[in-house]
file upload.csv (CSV, C-alpha atoms)
chain,number,residue,atom,x,y,z
A,1,MET,CA,53.0,-31.8,47.7
A,2,ALA,CA,49.4,-31.8,48.8
A,3,GLN,CA,49.8,-28.1,49.8
A,4,THR,CA,51.2,-27.3,46.4
A,5,THR,CA,48.3,-29.1,44.7
A,6,THR,CA,45.8,-27.2,46.8
A,7,LEU,CA,47.4,-23.9,45.9
A,8,LEU,CA,47.2,-24.7,42.2
A,9,GLN,CA,43.6,-25.6,42.5
A,10,ILE,CA,42.9,-22.4,44.3
A,11,ALA,CA,44.7,-20.4,41.6
A,12,GLU,CA,42.8,-22.3,38.8
A,13,ALA,CA,39.6,-21.6,40.7
A,14,ASP,CA,40.5,-17.9,40.9
A,15,GLN,CA,41.3,-17.8,37.2
A,16,TYR,CA,38.0,-19.5,36.4
A,17,GLY,CA,36.2,-17.1,38.5
A,18,GLU,CA,37.9,-14.1,36.8
A,19,ARG,CA,37.0,-15.6,33.3
A,20,GLN,CA,33.3,-16.0,34.4
A,21,ALA,CA,33.3,-12.5,35.8
A,22,LYS,CA,34.6,-11.1,32.4
A,23,ARG,CA,32.0,-13.2,30.5
A,24,LEU,CA,29.3,-11.7,32.7
A,25,GLN,CA,30.6,-8.2,32.2
A,26,ARG,CA,30.7,-8.7,28.4
A,27,ARG,CA,27.1,-10.1,28.4
A,28,ARG,CA,25.9,-7.1,30.5
A,29,ARG,CA,27.7,-4.7,28.1
A,30,ARG,CA,26.1,-6.5,25.1
A,31,ARG,CA,22.7,-6.4,26.6
A,32,GLN,CA,23.1,-2.7,27.5
A,33,GLY,CA,24.2,-2.1,23.9
A,34,GLU,CA,21.2,-4.0,22.6
A,35,ARG,CA,18.9,-2.0,24.9
A,36,LYS,CA,20.4,1.3,23.7
A,37,GLY,CA,20.0,0.2,20.1
A,38,ILE,CA,16.4,-0.7,20.7
A,39,VAL,CA,15.7,2.6,22.4
A,40,LEU,CA,17.5,4.5,19.5
A,41,ARG,CA,15.5,2.7,16.8
A,42,THR,CA,12.3,3.3,18.7
A,43,VAL,CA,13.0,7.0,19.0
A,44,ILE,CA,13.9,7.2,15.3
A,45,ALA,CA,10.7,5.2,14.4
A,46,ILE,CA,8.6,7.6,16.5
A,47,ILE,CA,10.1,10.7,14.9
A,48,VAL,CA,9.6,9.3,11.4
A,49,CYS,CA,6.0,8.3,12.2
A,50,ALA,CA,5.3,11.7,13.6
A,51,ILE,CA,6.7,13.4,10.4
A,52,VAL,CA,4.5,11.1,8.2
A,53,ILE,CA,1.4,11.3,10.3
A,54,PHE,CA,1.5,15.1,10.9
A,55,PRO,CA,0.1,16.1,7.5
A,56,LEU,CA,-2.8,13.7,8.0
A,57,TYR,CA,-3.4,15.0,11.5
A,58,TRP,CA,-3.3,18.6,10.2
A,59,MET,CA,-5.8,17.7,7.5
A,60,LEU,CA,-8.1,16.3,10.2
A,61,VAL,CA,-7.7,19.4,12.3
A,62,MET,CA,-8.6,21.7,9.4
A,63,ALA,CA,-11.5,19.6,8.4
A,64,PHE,CA,-13.2,20.1,11.8
A,65,SER,CA,-12.1,23.8,12.3
A,66,PRO,CA,-14.4,26.7,11.8
A,67,ARG,CA,-14.2,28.5,8.5
A,68,GLY,CA,-11.4,31.0,8.2
A,69,GLU,CA,-9.4,29.7,11.1
A,70,VAL,CA,-6.7,28.6,8.7
A,71,PHE,CA,-5.8,32.3,8.1
A,72,SER,CA,-5.5,33.0,11.9
A,73,ALA,CA,-2.1,34.3,13.0
A,74,GLU,CA,-2.3,32.0,16.0
A,75,LEU,CA,-1.0,28.5,15.5
A,76,ARG,CA,-3.5,25.9,16.7
A,77,LEU,CA,-2.8,22.2,16.8
A,78,TRP,CA,-6.4,21.6,17.8
A,79,PRO,CA,-9.6,23.3,16.5
A,80,SER,CA,-10.8,26.1,18.7
A,81,GLN,CA,-14.3,24.7,18.1
A,82,ILE,CA,-15.1,21.3,16.6
A,83,THR,CA,-17.6,21.8,13.8
A,84,PHE,CA,-19.2,19.7,11.0
A,85,ASP,CA,-20.1,22.8,9.0
A,86,ASN,CA,-17.3,22.1,6.5
A,87,PHE,CA,-18.8,18.7,5.6
A,88,ASP,CA,-22.3,20.1,5.5
A,89,ARG,CA,-21.2,22.9,3.2
A,90,ILE,CA,-19.6,20.6,0.6
A,91,PHE,CA,-22.5,18.1,0.7
A,92,ARG,CA,-25.0,20.9,0.1
A,93,ARG,CA,-23.0,22.6,-2.7
A,94,PHE,CA,-21.6,19.6,-4.5
A,95,ASP,CA,-22.7,16.1,-5.4
A,96,VAL,CA,-20.1,14.4,-3.2
A,97,PHE,CA,-22.1,11.2,-2.9
A,98,ALA,CA,-22.0,10.8,-6.7
A,99,TRP,CA,-18.2,11.4,-6.7
A,100,PHE,CA,-17.7,8.9,-4.0
A,101,GLN,CA,-20.0,6.3,-5.8
A,102,ASN,CA,-18.0,6.9,-9.0
A,103,SER,CA,-14.7,6.3,-7.2
A,104,VAL,CA,-16.1,3.1,-5.7
A,105,VAL,CA,-17.5,1.7,-8.9
A,106,ILE,CA,-14.4,2.5,-11.0
A,107,GLY,CA,-12.1,1.3,-8.2
A,108,LEU,CA,-13.9,-2.0,-7.8
A,109,PHE,CA,-14.1,-2.8,-11.5
A,110,VAL,CA,-10.4,-1.8,-12.1
A,111,THR,CA,-9.3,-3.9,-9.1
A,112,VAL,CA,-11.2,-7.0,-10.1
A,113,LEU,CA,-10.1,-7.0,-13.7
A,114,THR,CA,-6.5,-6.0,-12.9
A,115,VAL,CA,-6.0,-8.7,-10.2
A,116,PHE,CA,-7.6,-11.3,-12.5
A,117,VAL,CA,-5.3,-10.5,-15.4
A,118,ASN,CA,-2.2,-10.2,-13.2
A,119,LEU,CA,-2.8,-13.6,-11.6
A,120,LEU,CA,-3.2,-15.3,-14.9
A,121,ALA,CA,-0.3,-13.6,-16.5
A,122,GLY,CA,2.0,-14.1,-13.5
A,123,TYR,CA,1.1,-17.8,-13.4
A,124,ALA,CA,1.8,-18.2,-17.1
A,125,PHE,CA,5.2,-16.4,-16.9
A,126,ALA,CA,6.2,-18.4,-13.8
A,127,ARG,CA,4.9,-22.0,-14.5
A,128,LEU,CA,4.1,-22.4,-18.2
A,129,GLN,CA,6.6,-23.1,-20.9
A,130,PHE,CA,6.1,-21.4,-24.3
A,131,ARG,CA,8.2,-19.8,-26.9
A,132,GLY,CA,9.3,-16.2,-26.3
A,133,ARG,CA,8.2,-16.3,-22.6
A,134,ASN,CA,11.2,-14.4,-21.3
A,135,THR,CA,11.2,-11.9,-24.1
A,136,ILE,CA,7.5,-11.1,-23.6
A,137,PHE,CA,8.1,-10.8,-19.8
A,138,LEU,CA,11.0,-8.4,-20.4
A,139,LEU,CA,8.9,-6.3,-22.8
A,140,THR,CA,6.2,-6.2,-20.1
A,141,LEU,CA,8.6,-4.9,-17.5
A,142,ALA,CA,10.0,-2.4,-20.0
A,143,THR,CA,6.5,-0.7,-20.1
A,144,MET,CA,7.1,0.4,-16.5
A,145,MET,CA,9.7,2.8,-17.7
A,146,ILE,CA,7.3,4.6,-20.0
A,147,PRO,CA,5.6,7.6,-18.4
A,148,VAL,CA,1.9,7.5,-18.2
A,149,GLN,CA,1.7,10.9,-19.9
A,150,ALA,CA,3.5,9.6,-23.0
A,151,ILE,CA,0.7,7.1,-23.8
A,152,MET,CA,-2.4,9.3,-23.0
A,153,VAL,CA,-2.9,10.4,-26.5
A,154,ALA,CA,-2.9,6.9,-27.8
A,155,GLN,CA,-5.2,5.8,-25.0
A,156,PHE,CA,-7.6,8.7,-25.8
A,157,LYS,CA,-7.7,7.7,-29.5
A,158,LEU,CA,-8.3,4.1,-28.5
A,159,VAL,CA,-11.1,4.9,-26.1
A,160,SER,CA,-12.7,7.3,-28.6
A,161,GLY,CA,-12.5,4.6,-31.4
A,162,LEU,CA,-14.2,2.1,-29.1
A,163,GLY,CA,-17.0,4.5,-28.4
A,164,ILE,CA,-16.5,4.4,-24.6
A,165,TYR,CA,-15.2,7.9,-24.1
A,166,GLY,CA,-17.0,9.7,-21.3
A,167,THR,CA,-18.1,6.5,-19.6
A,168,TYR,CA,-16.9,4.3,-16.8
A,169,TRP,CA,-15.4,1.8,-19.2
A,170,GLY,CA,-13.2,4.5,-20.7
A,171,VAL,CA,-11.4,4.7,-17.3
A,172,ILE,CA,-11.7,1.0,-16.4
A,173,LEU,CA,-10.4,-0.8,-19.5
A,174,PRO,CA,-7.1,1.1,-19.9
A,175,GLY,CA,-6.2,0.2,-16.4
A,176,ALA,CA,-7.2,-3.5,-16.5
A,177,ALA,CA,-3.6,-4.7,-16.2
A,178,ALA,CA,-0.4,-3.6,-14.5
A,179,ALA,CA,3.2,-4.6,-15.3
A,180,PHE,CA,4.3,-4.3,-11.7
A,181,GLY,CA,1.4,-6.6,-10.6
A,182,ILE,CA,2.3,-9.2,-13.2
A,183,PHE,CA,5.9,-9.1,-11.9
A,184,LEU,CA,4.8,-9.4,-8.3
A,185,ALA,CA,2.5,-12.3,-9.2
A,186,ARG,CA,5.3,-14.1,-11.1
A,187,GLN,CA,7.7,-13.8,-8.2
A,188,PHE,CA,5.1,-15.2,-5.8
A,189,PHE,CA,4.2,-18.1,-8.0
A,190,ILE,CA,7.9,-19.0,-8.4
A,191,SER,CA,8.2,-19.4,-4.6
A,192,ILE,CA,5.5,-22.1,-4.6
A,193,PRO,CA,7.2,-25.5,-4.4
A,194,GLU,CA,7.1,-27.5,-7.6
A,195,GLU,CA,6.4,-30.7,-5.7
A,196,ILE,CA,2.9,-29.4,-4.9
A,197,LEU,CA,2.1,-28.8,-8.6
A,198,GLU,CA,3.7,-32.1,-9.6
A,199,ALA,CA,1.5,-34.0,-7.1
A,200,ALA,CA,-1.6,-32.3,-8.6
A,201,ARG,CA,-0.5,-33.3,-12.1
A,202,ILE,CA,0.1,-36.9,-11.0
A,203,ASP,CA,-3.5,-36.9,-9.7
A,204,GLY,CA,-4.7,-36.0,-13.2
A,205,ALA,CA,-5.3,-32.3,-12.7
A,206,GLY,CA,-4.9,-29.9,-15.7
A,207,GLN,CA,-3.5,-26.4,-15.7
A,208,VAL,CA,-6.9,-24.8,-15.1
A,209,ARG,CA,-7.7,-27.1,-12.2
A,210,ILE,CA,-4.2,-26.7,-10.7
A,211,PHE,CA,-4.5,-22.9,-10.9
A,212,LEU,CA,-8.0,-22.8,-9.4
A,213,GLN,CA,-7.8,-25.5,-6.7
A,214,VAL,CA,-4.1,-25.6,-5.8
A,215,VAL,CA,-2.5,-22.3,-6.5
A,216,LEU,CA,-5.2,-19.8,-5.7
A,217,PRO,CA,-5.8,-21.0,-2.2
A,218,LEU,CA,-2.1,-20.3,-1.5
A,219,CYS,CA,-2.4,-16.8,-2.9
A,220,LYS,CA,-4.3,-14.9,-0.2
A,221,PRO,CA,-1.3,-12.7,0.7
A,222,LEU,CA,-0.6,-12.0,-3.0
A,223,ILE,CA,-4.3,-11.2,-3.8
A,224,ALA,CA,-4.4,-8.8,-0.8
A,225,VAL,CA,-1.3,-7.0,-2.0
A,226,LEU,CA,-2.5,-6.7,-5.6
A,227,THR,CA,-6.0,-5.6,-4.4
A,228,LEU,CA,-4.6,-2.9,-2.1
A,229,LEU,CA,-2.1,-1.6,-4.6
A,230,THR,CA,-4.6,-1.6,-7.5
A,231,LEU,CA,-7.4,-0.1,-5.5
A,232,MET,CA,-5.2,2.7,-4.0
A,233,SER,CA,-3.8,3.5,-7.5
A,234,SER,CA,-7.3,3.6,-9.1
A,235,TRP,CA,-8.8,5.5,-6.1
A,236,ASN,CA,-6.1,8.2,-6.3
A,237,ASP,CA,-5.8,8.4,-10.1
A,238,PHE,CA,-6.4,11.9,-11.3
A,239,ALA,CA,-5.0,12.5,-14.8
A,240,TRP,CA,-6.7,9.8,-16.9
A,241,PRO,CA,-10.2,10.1,-15.3
A,242,LEU,CA,-9.9,13.9,-15.8
A,243,ILE,CA,-9.4,13.2,-19.6
A,244,ALA,CA,-11.7,10.3,-20.0
A,245,LEU,CA,-14.7,11.7,-18.1
A,246,LYS,CA,-16.5,14.8,-19.5
A,247,GLU,CA,-19.6,15.0,-17.3
A,248,ASN,CA,-19.6,16.4,-13.7
A,249,SER,CA,-21.9,13.6,-12.6
A,250,LEU,CA,-19.2,11.0,-13.5
A,251,PHE,CA,-16.3,12.8,-11.6
A,252,THR,CA,-14.3,10.9,-9.0
A,253,LEU,CA,-13.2,12.3,-5.7
A,254,PRO,CA,-9.7,13.5,-6.9
A,255,ILE,CA,-11.3,15.4,-9.7
A,256,GLY,CA,-13.9,16.7,-7.2
A,257,LEU,CA,-11.1,18.0,-5.1
A,258,LEU,CA,-9.7,19.9,-8.0
A,259,TYR,CA,-13.1,21.2,-8.9
A,260,LEU,CA,-13.6,22.4,-5.3
A,261,LYS,CA,-10.1,24.0,-5.2
A,262,ASN,CA,-10.8,26.0,-8.5
A,263,GLN,CA,-13.7,27.8,-7.1
A,264,THR,CA,-13.6,31.6,-7.0
A,265,SER,CA,-13.0,31.8,-3.3
A,266,PRO,CA,-11.2,28.6,-2.2
A,267,ASP,CA,-12.6,27.2,1.0
A,268,TYR,CA,-9.6,25.3,2.5
A,269,GLU,CA,-11.5,23.8,5.4
A,270,SER,CA,-14.0,22.3,3.0
A,271,ILE,CA,-11.2,21.1,0.8
A,272,MET,CA,-9.6,19.3,3.8
A,273,ALA,CA,-13.0,17.8,4.7
A,274,LEU,CA,-13.3,16.4,1.2
A,275,ALA,CA,-9.7,15.2,1.3
A,276,LEU,CA,-10.4,13.4,4.6
A,277,ILE,CA,-13.4,11.7,3.0
A,278,SER,CA,-11.2,10.6,0.1
A,279,VAL,CA,-8.3,9.3,2.3
A,280,LEU,CA,-10.2,7.6,5.1
A,281,PRO,CA,-11.4,4.5,3.1
A,282,MET,CA,-7.9,3.7,2.0
A,283,VAL,CA,-6.5,4.0,5.5
A,284,ILE,CA,-9.2,1.7,6.9
A,285,LEU,CA,-8.6,-0.8,4.1
A,286,PHE,CA,-4.9,-0.9,4.8
A,287,LEU,CA,-5.3,-1.3,8.5
A,288,PHE,CA,-7.6,-4.3,7.9
A,289,PHE,CA,-5.3,-6.0,5.3
A,290,GLN,CA,-1.8,-4.9,6.4
A,291,ARG,CA,-0.9,-8.4,7.7
A,292,TYR,CA,-1.6,-10.0,4.2
A,293,PHE,CA,0.2,-7.0,2.6
A,294,VAL,CA,3.4,-7.7,4.5
A,295,GLN,CA,3.2,-11.4,3.9
A,296,GLY,CA,2.6,-11.0,0.2
A,297,PHE,CA,5.7,-8.8,-0.3
A,298,ALA,CA,7.8,-11.1,1.9
A,299,ARG,CA,6.9,-14.2,-0.1
A,300,SER,CA,7.3,-12.5,-3.5
A,301,GLY,CA,10.9,-11.8,-2.7
A,302,ILE,CA,10.5,-8.0,-2.8
A,303,LYS,CA,12.8,-6.4,-0.2

call {"tool": "encode", "arguments": {"input": "upload.csv", "output": "structure tokens"}}
result
Amino acid sequence: MAQTTTLLQIAEADQYGERQAKRLQRRRRRRQGERKGIVLRTVIAIIVCAIVIFPLYWMLVMAFSPRGEVFSAELRLWPSQITFDNFDRIFRRFDVFAWFQNSVVIGLFVTVLTVFVNLLAGYAFARLQFRGRNTIFLLTLATMMIPVQAIMVAQFKLVSGLGIYGTYWGVILPGAAAAFGIFLARQFFISIPEEILEAARIDGAGQVRIFLQVVLPLCKPLIAVLTLLTLMSSWNDFAWPLIALKENSLFTLPIGLLYLKNQTSPDYESIMALALISVLPMVILFLFFQRYFVQGFARSGIK
């Protein structure tokens, strides 16, 4: 009897050992599959990044290449000689500093006004109760489906009627609000717990005080997102500034690029040098604020 019991225990131990061995094998296979998945995703990410970054890299190479090298039959992934003549040439021939200054002034004013309006409108649509709120919000979103080109004639008449055609304000005021920014702000404000706002009301705070002292300190990611999106849109805007600005001294960098491209003998290396000057500030700005950028989209519920 004792021998039979011992044999059963040994058999059970063997079965338990086999089950443990199978579990270990499954875990190893799962880990190997996860490692292969990570490697595959990493390779795909590297390939996609290379495809996205290569045009910027090629722009950088051409900006520092000697003049005429772009027409060389030999493919070069690095300049045969690093030179700053392309930058020197455009700064001597054109008022690049004025173009850059105009882009900065217009971009800053448009960004400040747009972010201010978007925050107020988003908070109103998210937290205030008034008649027709949903209807007005839907009409605001509907404007996103209207092409910009379809309203340029009306904008031009409005700007001309206000007497600001050909000035900074003719570019700044029409872009002082954005439907997508209002939608993004509304989604962000909805995610703020109602208990926080209710506690402020119990303490006697009004809507203005709640917005300034309670809501705004929680909006750093949202403000970063709105600032980046608005500044990038204003910085790269081409069509409307081309219509609203009539003097060369008020041109922005995108218009300057077109002006340089339309010369009798296009200098592609100089064009790439000016394009690099135009792109670099936005790249640096995004690198500094990318953490807030991701947080703002995550908290607003945009996937």

call {"tool": "atom_distance", "arguments": {"input": "upload.csv", "atom1": "atom CA of A:Ile190", "atom2": "atom CA of A:Ile210"}}
result
14.5 Å

call {"tool": "closest_residue", "arguments": {"input": "upload.csv", "among": "A:Ala176, A:Arg31, A:Arg209, A:Phe286", "to": "A:Ile106", "atoms": "only C-alpha atoms"}}
result
A:Ala176

call {"tool": "atom_distance", "arguments": {"input": "upload.csv", "atom1": "atom CA of A:Lys157", "atom2": "atom CA of A:Leu260"}}
result
28.9 Å

call {"tool": "atom_distance", "arguments": {"input": "upload.csv", "atom1": "atom CA of A:Asp95", "atom2": "atom CA of A:Leu274"}}
result
11.5 Å

call {"tool": "residues_around", "arguments": {"input": "upload.csv", "residues": "A:Gln81", "least_positions_apart": "3", "cutoff": "12 Å", "atoms": "all atoms listed in the file", "output": "PDB file with C-alpha atoms, in the frame of the given file"}}
result
ATOM      1  CA  VAL A  61      -7.700  19.400  12.300  1.00  0.00           C
ATOM      2  CA  MET A  62      -8.600  21.700   9.400  1.00  0.00           C
ATOM      3  CA  ALA A  63     -11.500  19.600   8.400  1.00  0.00           C
ATOM      4  CA  PHE A  64     -13.200  20.100  11.800  1.00  0.00           C
ATOM      5  CA  SER A  65     -12.100  23.800  12.300  1.00  0.00           C
ATOM      6  CA  PRO A  66     -14.400  26.700  11.800  1.00  0.00           C
ATOM      7  CA  ARG A  67     -14.200  28.500   8.500  1.00  0.00           C
ATOM      8  CA  GLU A  69      -9.400  29.700  11.100  1.00  0.00           C
ATOM      9  CA  ARG A  76      -3.500  25.900  16.700  1.00  0.00           C
ATOM     10  CA  LEU A  77      -2.800  22.200  16.800  1.00  0.00           C
ATOM     11  CA  TRP A  78      -6.400  21.600  17.800  1.00  0.00           C
ATOM     12  CA  PHE A  84     -19.200  19.700  11.000  1.00  0.00           C
ATOM     13  CA  ASP A  85     -20.100  22.800   9.000  1.00  0.00           C
TER      14      ASP A  85
END

call {"tool": "closest_residue", "arguments": {"input": "upload.csv", "among": "A:Gly170, A:Gly256, A:Gly206, A:Pro217", "to": "A:Ile192", "atoms": "all atoms listed in the file"}}
result
A:Pro217

call {"tool": "closest_residue", "arguments": {"input": "upload.csv", "among": "A:Pro221, A:Pro241, A:Pro174, A:Gly33", "to": "A:Thr114", "atoms": "all atoms listed in the file"}}
result
A:Pro174

call {"tool": "closest_residue", "arguments": {"input": "upload.csv", "among": "A:Leu24, A:Val96, A:Ile243, A:Cys49", "to": "A:Ile271", "atoms": "only C-alpha atoms"}}
result
A:Val96

call {"tool": "residues_around", "arguments": {"input": "upload.csv", "residues": "A:Gln101", "least_positions_apart": "5", "cutoff": "10 Å", "atoms": "only C-alpha atoms", "output": "list in words"}}
result
Val96, Ile106, Gly107, Leu250, Phe251, Thr252 and Leu253 of chain A

call {"tool": "residues_around", "arguments": {"input": "upload.csv", "residues": "A:Ala177", "least_positions_apart": "3", "cutoff": "9 Å", "atoms": "all atoms listed in the file", "output": "PyMOL selection string"}}
result
chain A and resi 110+113-118+173-174+181-182

call {"tool": "residues_near_point", "arguments": {"input": "upload.csv", "point": "(7.7, -10.3, -20.4)", "cutoff": "10 Å", "atoms": "only C-alpha atoms", "output": "list in words"}}
result
Ala121, Gly122, Phe125, Gly132, Arg133, Asn134, Thr135, Ile136, Phe137, Leu138, Leu139, Thr140, Leu141, Ala142, Thr143, Ala179, Ile182 and Phe183 of chain A
